[in-house]
>>> print(open('data_9.csv').read())   # CSV, N, CA and C atoms and all ligand atoms
chain,number,residue,atom,x,y,z
A,614,MET,N,-4.6,16.0,20.3
A,614,MET,CA,-4.2,14.6,20.4
A,614,MET,C,-2.7,14.4,19.9
A,615,ALA,N,-1.9,14.1,20.8
A,615,ALA,CA,-0.5,13.8,20.4
A,615,ALA,C,-0.4,12.5,19.7
A,616,GLY,N,0.7,12.3,19.1
A,616,GLY,CA,0.9,11.0,18.5
A,616,GLY,C,0.9,11.1,17.0
A,617,LYS,N,0.6,10.0,16.4
A,617,LYS,CA,0.8,9.9,14.9
A,617,LYS,C,-0.4,10.4,14.2
A,618,PHE,N,-0.1,11.0,13.1
A,618,PHE,CA,-1.2,11.4,12.1
A,618,PHE,C,-0.9,10.6,10.9
A,619,PHE,N,-2.0,9.9,10.5
A,619,PHE,CA,-1.8,9.0,9.3
A,619,PHE,C,-2.4,9.7,8.1
A,620,LEU,N,-1.6,9.7,7.1
A,620,LEU,CA,-2.0,10.3,5.8
A,620,LEU,C,-3.1,9.4,5.1
A,621,TYR,N,-2.9,8.1,5.3
A,621,TYR,CA,-3.8,7.2,4.6
A,621,TYR,C,-4.2,6.1,5.5
A,622,GLN,N,-5.4,5.5,5.2
A,622,GLN,CA,-5.8,4.4,5.9
A,622,GLN,C,-5.6,3.2,5.0
A,623,TYR,N,-4.9,2.2,5.6
A,623,TYR,CA,-4.7,1.0,4.8
A,623,TYR,C,-5.5,-0.2,5.4
A,624,GLU,N,-6.3,-0.8,4.6
A,624,GLU,CA,-7.1,-2.0,5.1
A,624,GLU,C,-6.8,-3.1,4.2
A,625,VAL,N,-6.9,-4.3,4.8
A,625,VAL,CA,-6.7,-5.5,4.0
A,625,VAL,C,-7.6,-5.5,2.8
A,626,GLY,N,-7.1,-5.8,1.6
A,626,GLY,CA,-7.9,-5.8,0.4
A,626,GLY,C,-7.8,-4.5,-0.4
A,627,ASP,N,-7.3,-3.4,0.2
A,627,ASP,CA,-7.2,-2.2,-0.5
A,627,ASP,C,-6.1,-2.3,-1.6
A,628,ILE,N,-6.3,-1.4,-2.6
A,628,ILE,CA,-5.3,-1.3,-3.6
A,628,ILE,C,-4.5,0.0,-3.4
A,629,VAL,N,-3.2,-0.2,-3.3
A,629,VAL,CA,-2.3,1.0,-3.1
A,629,VAL,C,-1.6,1.2,-4.4
A,630,THR,N,-1.6,2.5,-4.8
A,630,THR,CA,-0.8,2.8,-6.0
A,630,THR,C,0.4,3.6,-5.5
A,631,PHE,N,1.6,3.1,-5.8
A,631,PHE,CA,2.8,3.8,-5.5
A,631,PHE,C,3.2,4.8,-6.5
A,632,LYS,N,4.0,5.8,-6.0
A,632,LYS,CA,4.5,6.8,-6.9
A,632,LYS,C,5.5,6.2,-8.0
A,633,LYS,N,6.3,5.3,-7.5
A,633,LYS,CA,7.3,4.7,-8.4
A,633,LYS,C,6.8,3.3,-8.8
A,634,PRO,N,6.9,2.9,-10.0
A,634,PRO,CA,6.5,1.6,-10.4
A,634,PRO,C,7.5,0.5,-9.9
A,635,HIS,N,7.0,-0.7,-9.7
A,635,HIS,CA,7.9,-1.8,-9.4
A,635,HIS,C,8.7,-2.1,-10.6
A,636,PRO,N,9.8,-2.8,-10.5
A,636,PRO,CA,10.6,-3.2,-11.6
A,636,PRO,C,9.8,-4.0,-12.7
A,637,CYS,N,8.7,-4.6,-12.3
A,637,CYS,CA,7.9,-5.4,-13.2
A,637,CYS,C,7.0,-4.4,-14.1
A,638,GLY,N,7.0,-3.1,-13.7
A,638,GLY,CA,6.3,-2.2,-14.5
A,638,GLY,C,4.9,-1.8,-13.9
A,639,ASN,N,4.6,-2.5,-12.8
A,639,ASN,CA,3.3,-2.3,-12.2
A,639,ASN,C,3.4,-1.3,-11.0
A,640,CYS,N,2.3,-0.5,-10.8
A,640,CYS,CA,2.3,0.4,-9.7
A,640,CYS,C,1.3,0.1,-8.6
A,641,ASP,N,0.4,-0.9,-8.9
A,641,ASP,CA,-0.6,-1.2,-7.9
A,641,ASP,C,-0.3,-2.4,-7.1
A,642,TRP,N,-0.5,-2.3,-5.8
A,642,TRP,CA,-0.2,-3.3,-4.8
A,642,TRP,C,-1.5,-3.6,-4.0
A,643,ARG,N,-1.7,-4.8,-3.6
A,643,ARG,CA,-2.9,-5.1,-2.8
A,643,ARG,C,-2.4,-5.3,-1.3
A,644,VAL,N,-3.1,-4.7,-0.4
A,644,VAL,CA,-2.8,-4.8,1.0
A,644,VAL,C,-3.2,-6.2,1.5
A,645,ILE,N,-2.3,-7.0,2.0
A,645,ILE,CA,-2.6,-8.3,2.5
A,645,ILE,C,-2.5,-8.5,4.0
A,646,ALA,N,-1.9,-7.5,4.7
A,646,ALA,CA,-1.9,-7.5,6.1
A,646,ALA,C,-1.5,-6.2,6.7
A,647,VAL,N,-2.1,-5.8,7.8
A,647,VAL,CA,-1.9,-4.5,8.4
A,647,VAL,C,-1.6,-4.7,9.9
A,648,GLY,N,-0.5,-4.0,10.3
A,648,GLY,CA,-0.2,-4.1,11.7
A,648,GLY,C,0.8,-3.0,12.0
A,649,GLY,N,1.9,-3.2,12.7
A,649,GLY,CA,2.9,-2.2,12.9
A,649,GLY,C,3.5,-1.9,11.5
A,650,GLU,N,3.5,-2.9,10.7
A,650,GLU,CA,4.0,-2.8,9.3
A,650,GLU,C,2.9,-3.2,8.4
A,651,ILE,N,3.0,-2.8,7.1
A,651,ILE,CA,2.0,-3.1,6.1
A,651,ILE,C,2.5,-4.1,5.1
A,652,LYS,N,1.8,-5.1,4.9
A,652,LYS,CA,2.3,-6.1,3.9
A,652,LYS,C,1.5,-6.0,2.6
A,653,VAL,N,2.2,-5.8,1.5
A,653,VAL,CA,1.5,-5.6,0.2
A,653,VAL,C,2.0,-6.6,-0.8
A,654,LYS,N,1.1,-6.9,-1.7
A,654,LYS,CA,1.5,-7.8,-2.8
A,654,LYS,C,1.4,-7.1,-4.1
A,655,CYS,N,2.4,-7.2,-5.0
A,655,CYS,CA,2.4,-6.6,-6.3
A,655,CYS,C,1.3,-7.2,-7.2
A,656,ALA,N,0.5,-6.4,-7.8
A,656,ALA,CA,-0.6,-6.9,-8.6
A,656,ALA,C,0.0,-7.4,-10.0
A,657,GLY,N,1.2,-7.1,-10.3
A,657,GLY,CA,1.8,-7.5,-11.5
A,657,GLY,C,2.5,-8.9,-11.3
A,658,CYS,N,3.5,-8.9,-10.5
A,658,CYS,CA,4.4,-10.1,-10.4
A,658,CYS,C,4.2,-10.9,-9.1
A,659,GLU,N,3.2,-10.4,-8.2
A,659,GLU,CA,2.8,-11.0,-7.0
A,659,GLU,C,4.0,-11.1,-5.9
A,660,ARG,N,5.0,-10.3,-6.1
A,660,ARG,CA,6.0,-10.2,-5.1
A,660,ARG,C,5.4,-9.5,-3.8
A,661,ILE,N,5.9,-10.0,-2.7
A,661,ILE,CA,5.4,-9.4,-1.4
A,661,ILE,C,6.4,-8.5,-0.8
A,662,GLN,N,6.0,-7.4,-0.3
A,662,GLN,CA,6.9,-6.5,0.4
A,662,GLN,C,6.2,-6.1,1.7
A,663,VAL,N,7.1,-6.0,2.7
A,663,VAL,CA,6.6,-5.5,4.0
A,663,VAL,C,7.2,-4.1,4.3
A,664,LEU,N,6.4,-3.2,4.5
A,664,LEU,CA,6.9,-1.8,4.7
A,664,LEU,C,6.4,-1.2,6.0
A,665,LYS,N,7.2,-0.4,6.6
A,665,LYS,CA,6.8,0.4,7.8
A,665,LYS,C,5.8,1.4,7.3
A,666,ARG,N,4.9,1.8,8.2
A,666,ARG,CA,3.9,2.8,7.9
A,666,ARG,C,4.4,4.1,7.3
A,667,ASP,N,5.5,4.6,8.0
A,667,ASP,CA,6.0,5.9,7.5
A,667,ASP,C,6.6,5.8,6.1
A,668,LYS,N,7.2,4.6,5.8
A,668,LYS,CA,7.8,4.4,4.5
A,668,LYS,C,6.7,4.2,3.4
A,669,ILE,N,5.7,3.4,3.7
A,669,ILE,CA,4.6,3.2,2.7
A,669,ILE,C,3.9,4.5,2.5
A,670,GLU,N,3.7,5.3,3.5
A,670,GLU,CA,3.0,6.6,3.3
A,670,GLU,C,3.7,7.5,2.3
A,671,LYS,N,5.1,7.5,2.5
A,671,LYS,CA,5.9,8.3,1.6
A,671,LYS,C,5.8,7.8,0.1
A,672,ALA,N,5.7,6.5,0.0
A,672,ALA,CA,5.7,5.9,-1.4
A,672,ALA,C,4.3,5.9,-2.0
A,673,THR,N,3.3,6.2,-1.2
A,673,THR,CA,1.9,6.0,-1.7
A,673,THR,C,1.4,7.2,-2.5
A,674,LYS,N,0.8,7.0,-3.7
A,674,LYS,CA,0.2,8.0,-4.4
A,674,LYS,C,-1.3,8.0,-4.1
A,675,SER,N,-1.9,6.9,-4.0
A,675,SER,CA,-3.3,6.8,-3.7
A,675,SER,C,-3.6,5.4,-3.1
A,676,VAL,N,-4.7,5.4,-2.4
A,676,VAL,CA,-5.3,4.1,-1.8
A,676,VAL,C,-6.7,4.1,-2.2
A,677,ARG,N,-7.2,2.9,-2.7
A,677,ARG,CA,-8.6,2.8,-3.0
A,677,ARG,C,-9.1,1.5,-2.6
A,678,LYS,N,-10.4,1.4,-2.5
A,678,LYS,CA,-11.1,0.1,-2.1
A,678,LYS,C,-11.0,-0.8,-3.3
A,679,ALA,N,-10.8,-2.1,-3.0
A,679,ALA,CA,-10.8,-3.0,-4.1
A,679,ALA,C,-12.1,-3.2,-4.8
A,680,ASP,N,-13.2,-2.8,-4.0
A,680,ASP,CA,-14.6,-2.9,-4.6
A,680,ASP,C,-14.7,-2.2,-5.9
A,681,ASP,N,-13.9,-1.1,-6.1
A,681,ASP,CA,-14.0,-0.3,-7.3
A,681,ASP,C,-13.8,-1.1,-8.6
A,682,GLN,N,-13.1,-2.2,-8.5
A,682,GLN,CA,-12.8,-2.8,-9.8
A,682,GLN,C,-13.4,-4.2,-9.8
A,683,GLU,N,-14.4,-4.5,-9.0
A,683,GLU,CA,-14.9,-5.8,-9.1
A,683,GLU,C,-16.1,-5.9,-10.1
B,1,ZN,ZN,5.9,-6.3,-9.5
>>> encode(input="data_9.csv", output="structure tokens")
Amino acid sequence: MAGKFFLYQYEVGDIVTFKKPHPCGNCDWRVIAVGGEIKVKCAGCERIQVLKRDKIEKATKSVRKADDQE
């Protein structure tokens, strides 16, 4: 299969931990929209960022289901 290989699956509601913390000190972001780009919201300061998939994959340390912490 030619084409893209995705390191991670991102689904709305997932929690993404980035390698580098946000300036607010938080590393966890919640996925709020997925498309050609991924929209995430900081769990600390609620700032929203839109990242292209290759960029977010490079920045991602782990992705987990939000269910884990309910
Ligand atoms: Zn933040």
>>> atom_distance(input="data_9.csv", atom1="atom C of Cys655 in chain A", atom2="atom C of Leu620 in chain A")
21.1 Å
>>> residues_near_ligand(input="data_9.csv", ligand="ligand ZN 1 (chain B)", cutoff="6 Å", atoms="only N, CA and C atoms and all ligand atoms", output="list in words")
His635, Pro636, Cys637, Gly638, Asn639, Cys655, Ala656, Gly657, Cys658, Glu659 and Arg660 of chain A
>>> residues_near_point(input="data_9.csv", point="(-0.5, 5.2, -4.6)", cutoff="5 Å", atoms="only N, CA and C atoms", output="list in words")
Val629, Thr630, Phe631, Lys632, Thr673, Lys674, Ser675 and Val676 of chain A
>>> atom_distance(input="data_9.csv", atom1="atom C of Lys678 in chain A", atom2="CA of Asp627 in chain A")
4.9 Å
>>> closest_residue(input="data_9.csv", among="A:Pro634, A:Glu670, A:Lys665, A:Asp680", to="Gly648 in chain A", atoms="only C-alpha atoms")
A:Lys665
>>> select_by_dssp(input="data_9.csv", residues="range 621-658 of chain A", states="strand (DSSP E or B)", output="PDB file with N, CA and C atoms, in the coordinates of the input")
ATOM      1  N   ILE A 628      -6.300  -1.400  -2.600  1.00  0.00           N
ATOM      2  CA  ILE A 628      -5.300  -1.300  -3.600  1.00  0.00           C
ATOM      3  C   ILE A 628      -4.500   0.000  -3.400  1.00  0.00           C
ATOM      4  N   VAL A 629      -3.200  -0.200  -3.300  1.00  0.00           N
ATOM      5  CA  VAL A 629      -2.300   1.000  -3.100  1.00  0.00           C
ATOM      6  C   VAL A 629      -1.600   1.200  -4.400  1.00  0.00           C
ATOM      7  N   THR A 630      -1.600   2.500  -4.800  1.00  0.00           N
ATOM      8  CA  THR A 630      -0.800   2.800  -6.000  1.00  0.00           C
ATOM      9  C   THR A 630       0.400   3.600  -5.500  1.00  0.00           C
ATOM     10  N   PHE A 631       1.600   3.100  -5.800  1.00  0.00           N
ATOM     11  CA  PHE A 631       2.800   3.800  -5.500  1.00  0.00           C
ATOM     12  C   PHE A 631       3.200   4.800  -6.500  1.00  0.00           C
ATOM     13  N   ASP A 641       0.400  -0.900  -8.900  1.00  0.00           N
ATOM     14  CA  ASP A 641      -0.600  -1.200  -7.900  1.00  0.00           C
ATOM     15  C   ASP A 641      -0.300  -2.400  -7.100  1.00  0.00           C
ATOM     16  N   TRP A 642      -0.500  -2.300  -5.800  1.00  0.00           N
ATOM     17  CA  TRP A 642      -0.200  -3.300  -4.800  1.00  0.00           C
ATOM     18  C   TRP A 642      -1.500  -3.600  -4.000  1.00  0.00           C
ATOM     19  N   ARG A 643      -1.700  -4.800  -3.600  1.00  0.00           N
ATOM     20  CA  ARG A 643      -2.900  -5.100  -2.800  1.00  0.00           C
ATOM     21  C   ARG A 643      -2.400  -5.300  -1.300  1.00  0.00           C
ATOM     22  N   VAL A 644      -3.100  -4.700  -0.400  1.00  0.00           N
ATOM     23  CA  VAL A 644      -2.800  -4.800   1.000  1.00  0.00           C
ATOM     24  C   VAL A 644      -3.200  -6.200   1.500  1.00  0.00           C
ATOM     25  N   ILE A 645      -2.300  -7.000   2.000  1.00  0.00           N
ATOM     26  CA  ILE A 645      -2.600  -8.300   2.500  1.00  0.00           C
ATOM     27  C   ILE A 645      -2.500  -8.500   4.000  1.00  0.00           C
ATOM     28  N   ALA A 646      -1.900  -7.500   4.700  1.00  0.00           N
ATOM     29  CA  ALA A 646      -1.900  -7.500   6.100  1.00  0.00           C
ATOM     30  C   ALA A 646      -1.500  -6.200   6.700  1.00  0.00           C
ATOM     31  N   VAL A 647      -2.100  -5.800   7.800  1.00  0.00           N
ATOM     32  CA  VAL A 647      -1.900  -4.500   8.400  1.00  0.00           C
ATOM     33  C   VAL A 647      -1.600  -4.700   9.900  1.00  0.00           C
ATOM     34  N   GLU A 650       3.500  -2.900  10.700  1.00  0.00           N
ATOM     35  CA  GLU A 650       4.000  -2.800   9.300  1.00  0.00           C
ATOM     36  C   GLU A 650       2.900  -3.200   8.400  1.00  0.00           C
ATOM     37  N   ILE A 651       3.000  -2.800   7.100  1.00  0.00           N
ATOM     38  CA  ILE A 651       2.000  -3.100   6.100  1.00  0.00           C
ATOM     39  C   ILE A 651       2.500  -4.100   5.100  1.00  0.00           C
ATOM     40  N   LYS A 652       1.800  -5.100   4.900  1.00  0.00           N
ATOM     41  CA  LYS A 652       2.300  -6.100   3.900  1.00  0.00           C
ATOM     42  C   LYS A 652       1.500  -6.000   2.600  1.00  0.00           C
ATOM     43  N   VAL A 653       2.200  -5.800   1.500  1.00  0.00           N
ATOM     44  CA  VAL A 653       1.500  -5.600   0.200  1.00  0.00           C
ATOM     45  C   VAL A 653       2.000  -6.600  -0.800  1.00  0.00           C
ATOM     46  N   LYS A 654       1.100  -6.900  -1.700  1.00  0.00           N
ATOM     47  CA  LYS A 654       1.500  -7.800  -2.800  1.00  0.00           C
ATOM     48  C   LYS A 654       1.400  -7.100  -4.100  1.00  0.00           C
ATOM     49  N   CYS A 655       2.400  -7.200  -5.000  1.00  0.00           N
ATOM     50  CA  CYS A 655       2.400  -6.600  -6.300  1.00  0.00           C
ATOM     51  C   CYS A 655       1.300  -7.200  -7.200  1.00  0.00           C
TER      52      CYS A 655
END
>>> atom_distance(input="data_9.csv", atom1="atom C of Phe618 in chain A", atom2="atom N of Cys640 in chain A")
24.6 Å
>>> residues_near_point(input="data_9.csv", point="(-7.1, -8.5, 3.1)", cutoff="6 Å", atoms="all atoms listed in the file", output="PyMOL selection string")
chain A and resi 624-627+644-646
>>> closest_residue(input="data_9.csv", among="A:Asp641, A:Gly649, A:Lys633, A:Ile628", to="Lys671 in chain A", atoms="only C-alpha atoms")
A:Lys633
>>> closest_residue(input="data_9.csv", among="A:Arg677, A:Ala672, A:Ile661, A:Asp667", to="Tyr623 in chain A", atoms="only C-alpha atoms")
A:Arg677
>>> closest_residue(input="data_9.csv", among="A:Leu664, A:Ile669, A:Lys654, A:Arg643", to="Phe619 in chain A", atoms="only C-alpha atoms")
A:Ile669
>>> select_by_dssp(input="data_9.csv", residues="chain A", states="helix (DSSP H, G or I)", output="MDAnalysis selection string")
chainID A and resid 666:672 679:682
>>> decode(input="data_9.csv", residues="range 622-634 of chain A", atoms="all heavy atoms", output="PDB file, in the first residue's frame")
ATOM      1  N   GLN A 622      -3.185   7.047  15.865  1.00  0.00           N
ATOM      2  CA  GLN A 622      -4.565   7.320  15.495  1.00  0.00           C
ATOM      3  C   GLN A 622      -5.068   8.412  16.425  1.00  0.00           C
ATOM      4  O   GLN A 622      -4.917   8.309  17.634  1.00  0.00           O
ATOM      5  CB  GLN A 622      -5.432   6.068  15.699  1.00  0.00           C
ATOM      6  CG  GLN A 622      -5.131   4.956  14.719  1.00  0.00           C
ATOM      7  CD  GLN A 622      -5.504   5.301  13.291  1.00  0.00           C
ATOM      8  OE1 GLN A 622      -6.436   6.065  13.054  1.00  0.00           O
ATOM      9  NE2 GLN A 622      -4.765   4.773  12.345  1.00  0.00           N
ATOM     10  N   TYR A 623      -5.655   9.427  15.855  1.00  0.00           N
ATOM     11  CA  TYR A 623      -6.219  10.490  16.674  1.00  0.00           C
ATOM     12  C   TYR A 623      -7.723  10.490  16.484  1.00  0.00           C
ATOM     13  O   TYR A 623      -8.202  10.564  15.352  1.00  0.00           O
ATOM     14  CB  TYR A 623      -5.666  11.849  16.248  1.00  0.00           C
ATOM     15  CG  TYR A 623      -4.158  11.969  16.389  1.00  0.00           C
ATOM     16  CD1 TYR A 623      -3.320  11.656  15.335  1.00  0.00           C
ATOM     17  CD2 TYR A 623      -3.596  12.387  17.585  1.00  0.00           C
ATOM     18  CE1 TYR A 623      -1.950  11.755  15.449  1.00  0.00           C
ATOM     19  CE2 TYR A 623      -2.226  12.498  17.718  1.00  0.00           C
ATOM     20  CZ  TYR A 623      -1.406  12.182  16.650  1.00  0.00           C
ATOM     21  OH  TYR A 623      -0.045  12.282  16.780  1.00  0.00           O
ATOM     22  N   GLU A 624      -8.435  10.391  17.574  1.00  0.00           N
ATOM     23  CA  GLU A 624      -9.892  10.450  17.498  1.00  0.00           C
ATOM     24  C   GLU A 624     -10.388  11.512  18.457  1.00  0.00           C
ATOM     25  O   GLU A 624      -9.752  11.767  19.498  1.00  0.00           O
ATOM     26  CB  GLU A 624     -10.497   9.090  17.855  1.00  0.00           C
ATOM     27  CG  GLU A 624     -10.302   8.078  16.742  1.00  0.00           C
ATOM     28  CD  GLU A 624     -10.762   6.685  17.133  1.00  0.00           C
ATOM     29  OE1 GLU A 624     -11.482   6.543  18.122  1.00  0.00           O
ATOM     30  OE2 GLU A 624     -10.367   5.747  16.425  1.00  0.00           O
ATOM     31  N   VAL A 625     -11.519  12.086  18.099  1.00  0.00           N
ATOM     32  CA  VAL A 625     -12.078  13.137  18.948  1.00  0.00           C
ATOM     33  C   VAL A 625     -12.271  12.595  20.364  1.00  0.00           C
ATOM     34  O   VAL A 625     -12.788  11.504  20.555  1.00  0.00           O
ATOM     35  CB  VAL A 625     -13.410  13.647  18.359  1.00  0.00           C
ATOM     36  CG1 VAL A 625     -14.092  14.623  19.319  1.00  0.00           C
ATOM     37  CG2 VAL A 625     -13.147  14.335  17.016  1.00  0.00           C
ATOM     38  N   GLY A 626     -11.813  13.363  21.328  1.00  0.00           N
ATOM     39  CA  GLY A 626     -11.931  12.960  22.729  1.00  0.00           C
ATOM     40  C   GLY A 626     -10.658  12.358  23.286  1.00  0.00           C
ATOM     41  O   GLY A 626     -10.487  12.294  24.499  1.00  0.00           O
ATOM     42  N   ASP A 627      -9.745  11.917  22.399  1.00  0.00           N
ATOM     43  CA  ASP A 627      -8.489  11.324  22.872  1.00  0.00           C
ATOM     44  C   ASP A 627      -7.629  12.375  23.582  1.00  0.00           C
ATOM     45  O   ASP A 627      -7.728  13.571  23.297  1.00  0.00           O
ATOM     46  CB  ASP A 627      -7.674  10.767  21.701  1.00  0.00           C
ATOM     47  CG  ASP A 627      -8.268   9.496  21.117  1.00  0.00           C
ATOM     48  OD1 ASP A 627      -9.254   9.002  21.676  1.00  0.00           O
ATOM     49  OD2 ASP A 627      -7.736   9.027  20.105  1.00  0.00           O
ATOM     50  N   ILE A 628      -6.786  11.875  24.463  1.00  0.00           N
ATOM     51  CA  ILE A 628      -5.832  12.743  25.144  1.00  0.00           C
ATOM     52  C   ILE A 628      -4.458  12.506  24.533  1.00  0.00           C
ATOM     53  O   ILE A 628      -3.953  11.389  24.531  1.00  0.00           O
ATOM     54  CB  ILE A 628      -5.764  12.439  26.661  1.00  0.00           C
ATOM     55  CG1 ILE A 628      -7.155  12.490  27.294  1.00  0.00           C
ATOM     56  CG2 ILE A 628      -4.793  13.396  27.350  1.00  0.00           C
ATOM     57  CD1 ILE A 628      -7.834  13.827  27.243  1.00  0.00           C
ATOM     58  N   VAL A 629      -3.864  13.563  24.028  1.00  0.00           N
ATOM     59  CA  VAL A 629      -2.540  13.481  23.420  1.00  0.00           C
ATOM     60  C   VAL A 629      -1.536  14.112  24.385  1.00  0.00           C
ATOM     61  O   VAL A 629      -1.747  15.221  24.866  1.00  0.00           O
ATOM     62  CB  VAL A 629      -2.495  14.255  22.087  1.00  0.00           C
ATOM     63  CG1 VAL A 629      -1.115  14.139  21.451  1.00  0.00           C
ATOM     64  CG2 VAL A 629      -3.558  13.747  21.132  1.00  0.00           C
ATOM     65  N   THR A 630      -0.476  13.371  24.671  1.00  0.00           N
ATOM     66  CA  THR A 630       0.607  13.931  25.478  1.00  0.00           C
ATOM     67  C   THR A 630       1.735  14.313  24.539  1.00  0.00           C
ATOM     68  O   THR A 630       2.218  13.489  23.765  1.00  0.00           O
ATOM     69  CB  THR A 630       1.102  12.907  26.512  1.00  0.00           C
ATOM     70  OG1 THR A 630       0.006  12.519  27.329  1.00  0.00           O
ATOM     71  CG2 THR A 630       2.180  13.513  27.400  1.00  0.00           C
ATOM     72  N   PHE A 631       2.128  15.567  24.592  1.00  0.00           N
ATOM     73  CA  PHE A 631       3.225  16.039  23.761  1.00  0.00           C
ATOM     74  C   PHE A 631       4.552  15.881  24.478  1.00  0.00           C
ATOM     75  O   PHE A 631       4.619  15.830  25.694  1.00  0.00           O
ATOM     76  CB  PHE A 631       3.008  17.513  23.401  1.00  0.00           C
ATOM     77  CG  PHE A 631       1.963  17.732  22.330  1.00  0.00           C
ATOM     78  CD1 PHE A 631       1.325  18.957  22.217  1.00  0.00           C
ATOM     79  CD2 PHE A 631       1.619  16.731  21.445  1.00  0.00           C
ATOM     80  CE1 PHE A 631       0.360  19.168  21.232  1.00  0.00           C
ATOM     81  CE2 PHE A 631       0.667  16.936  20.460  1.00  0.00           C
ATOM     82  CZ  PHE A 631       0.034  18.170  20.348  1.00  0.00           C
ATOM     83  N   LYS A 632       5.607  15.814  23.674  1.00  0.00           N
ATOM     84  CA  LYS A 632       6.951  15.687  24.251  1.00  0.00           C
ATOM     85  C   LYS A 632       7.336  16.944  25.008  1.00  0.00           C
ATOM     86  O   LYS A 632       7.962  16.892  26.056  1.00  0.00           O
ATOM     87  CB  LYS A 632       7.967  15.427  23.143  1.00  0.00           C
ATOM     88  CG  LYS A 632       7.801  14.059  22.505  1.00  0.00           C
ATOM     89  CD  LYS A 632       8.637  13.940  21.242  1.00  0.00           C
ATOM     90  CE  LYS A 632       8.351  12.629  20.531  1.00  0.00           C
ATOM     91  NZ  LYS A 632       8.757  12.688  19.121  1.00  0.00           N
ATOM     92  N   LYS A 633       6.962  18.077  24.430  1.00  0.00           N
ATOM     93  CA  LYS A 633       7.302  19.346  25.078  1.00  0.00           C
ATOM     94  C   LYS A 633       6.076  19.930  25.757  1.00  0.00           C
ATOM     95  O   LYS A 633       5.004  19.966  25.171  1.00  0.00           O
ATOM     96  CB  LYS A 633       7.767  20.354  24.030  1.00  0.00           C
ATOM     97  CG  LYS A 633       9.159  20.109  23.534  1.00  0.00           C
ATOM     98  CD  LYS A 633       9.589  21.299  22.687  1.00  0.00           C
ATOM     99  CE  LYS A 633      10.850  20.983  21.903  1.00  0.00           C
ATOM    100  NZ  LYS A 633      11.048  21.940  20.808  1.00  0.00           N
ATOM    101  N   PRO A 634       6.239  20.409  26.977  1.00  0.00           N
ATOM    102  CA  PRO A 634       5.097  21.027  27.647  1.00  0.00           C
ATOM    103  C   PRO A 634       4.717  22.364  27.017  1.00  0.00           C
ATOM    104  O   PRO A 634       5.560  23.054  26.447  1.00  0.00           O
ATOM    105  CB  PRO A 634       5.574  21.225  29.091  1.00  0.00           C
ATOM    106  CG  PRO A 634       7.055  21.203  29.021  1.00  0.00           C
ATOM    107  CD  PRO A 634       7.432  20.388  27.829  1.00  0.00           C
TER     108      PRO A 634
END
